[in-house]
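Undergrad: I'd like to ask you about the structure that follows.
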Amino acid sequence: MNTKSLVSISDIGRDEILKLLETARQFEENPNRRLLEGKVVATLFFEPSTRTRLSFETAVNRLGGRVIGFSDANTTSSSKGETLKDTIKMVSNYVDLIIMRHYLEGAARYASEVTDVPIINAGDGANQHPSQTMLDLYSIYKTQGTLENLTITLVGDLKYGRTVHSLLMAMRYFNPEFRFVACEELGMPKEYKIFCEENGIKYTEHTDFSEEVINSSDIIYMTRVQRERFADIMEYERVKDLYNLNNSMLGGAKENMKILHPLPRVNEIAQDVDDNPHAYYFEQARNGLYARQALICRALGIEV
Ligand code: CP
């Protein structure tokens with residue numbers, strides 16, 4: 001595996017996270033720099049995406065590089081039966097960096113093992129979404145002025161939600177206190193709770209999205225219940241609308257509290273929250289451009 005690959009958020013430590021956040025800050029000041037002149041980057045999306053793919057591609061374009069790739073694997077030779085290994089080896093002949101989203105957990109790790117070209121994991125099934133985590137950390141840092149000692153409430157689909165898995169792991173360096181708000185079927189998986197226990201991360205579990213939980217949070221991180229992860233559509237229908245945030249629930253929130261969501265949302269945040277000063281999810285998505293510019297430069301060994 002190329003050491004510049006980013007497959008899991010655990011591939012980078014505290015110092016590197018902080019350095020990437022500083023680089024993202026510099027890119028926010030000036031996102032148009034020709035640091036990728038002559039570089040070609042592939043975006044291979046085997047699963048749908050709006051923000052991740054377009055912000056990665058914008059990041060490359062604003063840095064003067066070129067992008068090839070696909071947003072629908074049905075238009076590629078994988079629809080004829082070409083294996084992921086062969087696809088990665090072929091694309092590696094053409095590019096300097098591969099950014100890949102895949103529906104299978106572990107696909108990004110596997111891809112990184114069959115090529116010397118760096119891989120950035122843009123989401124693998126219900127496993128990890130490390131570039132989302134970098135923009136989440138950047139958003140938390142920008143809005144709270146620190147990553148340390150924050151109370152973070154994760155709400156919704158904590159079982160399949162790869163963004164909450166990556167975020168939880170990254171926060172281990174910053175003494176967070178987590179609240180996990182989910183129904184029994186979509187609770188935080190055991191391995192992540194063990195991870196918390198092994199890393200001294202405090203957490204409590206709740207089925208009720210109560211006023212007390214909302215009013216004591218620094219960050220409320222809402223997630224979508226992901227229909228595409230359910231084998232049984234009836235189970236999805238039963239749990240999809242259990243947690244909804246609306247304006248009337250925010251009257252007692254701490255002044256600094258921000259609402260994050262990786263997006264897309266369905267019903268879990270009412271439209272009336274969008275103009276509330278606590279809402280930050282659209283700015284959060286914009287931060288993705290700068291965080292991903294930082295990650296691309298890291299993967300290509302470009303000093304900023
Ligand atoms: N947050 C996120 O991964 O969004 P997309 O699925 O639109 O890329």
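Convention: chains lettered A, B, ... in structure tokens order; per-chain residue numbering from 1; ligands numbered from 1 as shown.
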For range 209-288 of chain A against range 127-130 of chain A, with a cut-off of 12 Å and counting only C-alpha atoms, what is the closest atom pair and its distance in Å to one decimal for every residue that makes the cut, ordered by chain and number, as a tab-separated table?
TA:
```
residue	atom	partner	partner_atom	distance
A:Arg229	CA	A:Asn127	CA	11.5
A:Pro262	CA	A:His129	CA	10.2
A:Gly288	CA	A:Pro130	CA	11.4
```
Undergrad: Using only C-alpha atoms and all ligand atoms, which protein or nucleic acid residues are at most 9 Å from ligand 1, as a VMD selection string?
TA: chain A and resid 47 to 55 101 122 to 123 129 131 to 132 163 261 to 264 285
Undergrad: In terms of the shortest atom-to-atom distance over only C-alpha atoms, which of A:Lys202, A:Lys19, A:Arg292, A:Lys193 is closest to Phe174 in chain A?
TA: A:Lys202
Undergrad: For Phe230 in chain A, please output as number ranges by chain all residues within 12 Å (counting only C-alpha atoms; exclusion window: fewer than 3 positions along the same chain).
TA: A: 125-126, 157, 159-160, 185-186, 225-227, 233-240
Undergrad: Provide the CA of Ser217 in chain A to CA of Leu150 in chain A distance in Å, to one decimal place.
TA: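 These two atoms are separated by 8.0 Å.
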Undergrad: Can you tell me, as a ChimeraX atom specification, which residues in range 72-291 of chain A count as strand (DSSP E) by DSSP?
TA: /A:97-102,119-124,151-155,177-181,202-206,219-222,258-260
Undergrad: Please provide as an MDAnalysis selection string all residues within 10 Å of Phe180 in chain A, with the sequence filter that same-chain residues fewer than 6 positions apart are discarded (counting only C-alpha atoms).
TA: chainID A and resid 152:158 164 187:188 203:209 213 221
Undergrad: Mind dumping the selected residues with N, CA and C atoms as a short mmCIF file (atom, residue, chain, number, x, y, z; two decimals), in the first residue's frame?
TA:
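The new file out32.cif reads:
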```cif
data_model
loop_
_atom_site.label_atom_id
_atom_site.label_comp_id
_atom_site.auth_asym_id
_atom_site.auth_seq_id
_atom_site.Cartn_x
_atom_site.Cartn_y
_atom_site.Cartn_z
N ILE A 152 -20.54 15.71 21.77
CA ILE A 152 -21.00 15.50 20.39
C ILE A 152 -22.11 14.44 20.40
N THR A 153 -23.26 14.83 19.86
CA THR A 153 -24.40 13.91 19.82
C THR A 153 -24.58 13.40 18.40
N LEU A 154 -24.49 12.09 18.24
CA LEU A 154 -24.66 11.45 16.94
C LEU A 154 -26.07 10.86 16.89
N VAL A 155 -26.82 11.20 15.84
CA VAL A 155 -28.24 10.84 15.82
C VAL A 155 -28.62 10.11 14.52
N GLY A 156 -29.36 9.03 14.66
CA GLY A 156 -29.97 8.40 13.49
C GLY A 156 -29.45 7.01 13.22
N ASP A 157 -28.81 6.86 12.07
CA ASP A 157 -28.33 5.54 11.64
C ASP A 157 -26.87 5.38 12.03
N LEU A 158 -26.65 4.90 13.23
CA LEU A 158 -25.27 4.76 13.72
C LEU A 158 -24.71 3.39 13.36
N VAL A 164 -20.20 8.56 10.81
CA VAL A 164 -20.09 8.61 12.27
C VAL A 164 -19.01 7.66 12.77
N GLY A 187 -28.33 1.07 16.36
CA GLY A 187 -27.39 1.54 17.37
C GLY A 187 -25.94 1.44 16.91
N MET A 188 -25.08 2.12 17.63
CA MET A 188 -23.65 2.08 17.32
C MET A 188 -23.15 0.62 17.45
N TYR A 203 -19.02 7.74 26.44
CA TYR A 203 -20.24 7.77 25.63
C TYR A 203 -21.42 7.30 26.44
N THR A 204 -22.61 7.78 26.05
CA THR A 204 -23.86 7.26 26.61
C THR A 204 -24.78 6.96 25.43
N GLU A 205 -25.68 6.01 25.65
CA GLU A 205 -26.60 5.61 24.58
C GLU A 205 -28.03 6.02 24.95
N HIS A 206 -28.77 6.50 23.95
CA HIS A 206 -30.14 7.00 24.17
C HIS A 206 -31.03 6.54 23.02
N THR A 207 -32.27 6.22 23.37
CA THR A 207 -33.24 6.01 22.29
C THR A 207 -34.10 7.26 22.13
N ASP A 208 -34.07 8.13 23.14
CA ASP A 208 -34.89 9.35 23.12
C ASP A 208 -34.01 10.55 22.75
N PHE A 209 -34.41 11.28 21.74
CA PHE A 209 -33.70 12.50 21.32
C PHE A 209 -34.27 13.63 22.17
N VAL A 213 -30.61 16.16 26.06
CA VAL A 213 -29.51 15.81 25.15
C VAL A 213 -29.21 16.98 24.22
N TYR A 221 -24.91 15.90 15.40
CA TYR A 221 -24.54 15.35 14.08
C TYR A 221 -25.67 14.43 13.64
#
```
Undergrad: Please build the interface table for range 133-249 of chain A against range 271-280 of chain A with a cut-off of 8 Å, listing for each qualifying residue the nearest atom pair and the distance in Å to one decimal; count only C-alpha atoms, order rows by chain and increasing number, and write it as a Markdown table.
TA:
```
| residue | atom | partner | partner_atom | distance |
| --- | --- | --- | --- | --- |
| A:Leu245 | CA | A:Val273 | CA | 7.8 |
| A:Asn246 | CA | A:Val273 | CA | 5.8 |
| A:Asn247 | CA | A:Val273 | CA | 5.2 |
```
Undergrad: With C-alpha atoms retained, write the just-selected residues as an mmCIF file, in the first residue's frame.
TA:
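File produced: selection36.cif:
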```cif
data_model
loop_
_atom_site.group_PDB
_atom_site.id
_atom_site.type_symbol
_atom_site.label_atom_id
_atom_site.label_comp_id
_atom_site.auth_asym_id
_atom_site.auth_seq_id
_atom_site.Cartn_x
_atom_site.Cartn_y
_atom_site.Cartn_z
ATOM 1 C CA LEU A 245 -35.038 17.723 14.204
ATOM 2 C CA ASN A 246 -37.137 20.862 13.842
ATOM 3 C CA ASN A 247 -36.900 24.481 14.938
#
```
Undergrad: Nearest to Lys142 in chain A: which of A:Arg33, A:Arg298, A:Arg265, A:Arg25 is it, counting only C-alpha atoms?
TA: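 The closest residue to Lys142 in chain A is A:Arg25.
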Undergrad: Given the choices A:Ile302, A:Leu6, A:Ala59, A:Leu18, which gets closest to Leu147 in chain A if the distance is worked out from only C-alpha atoms?
TA: A:Leu18
Undergrad: Closest to Ile9 in chain A among A:Ile296, A:Met134, A:Val181, A:Ile214, using only C-alpha atoms?
TA: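 Among A:Ile296, A:Met134, A:Val181, A:Ile214, it is A:Met134 that comes nearest to Ile9 in chain A.
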Undergrad: Might you pull out every residue within 10 Å of Glu303 in chain A, with only C-alpha atoms counted and same-chain residues fewer than 6 positions away left off, and present them as a list in words?
TA: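 Contacts, in chain order: Thr23, Leu35, Ala294 and Cys297 of chain A.
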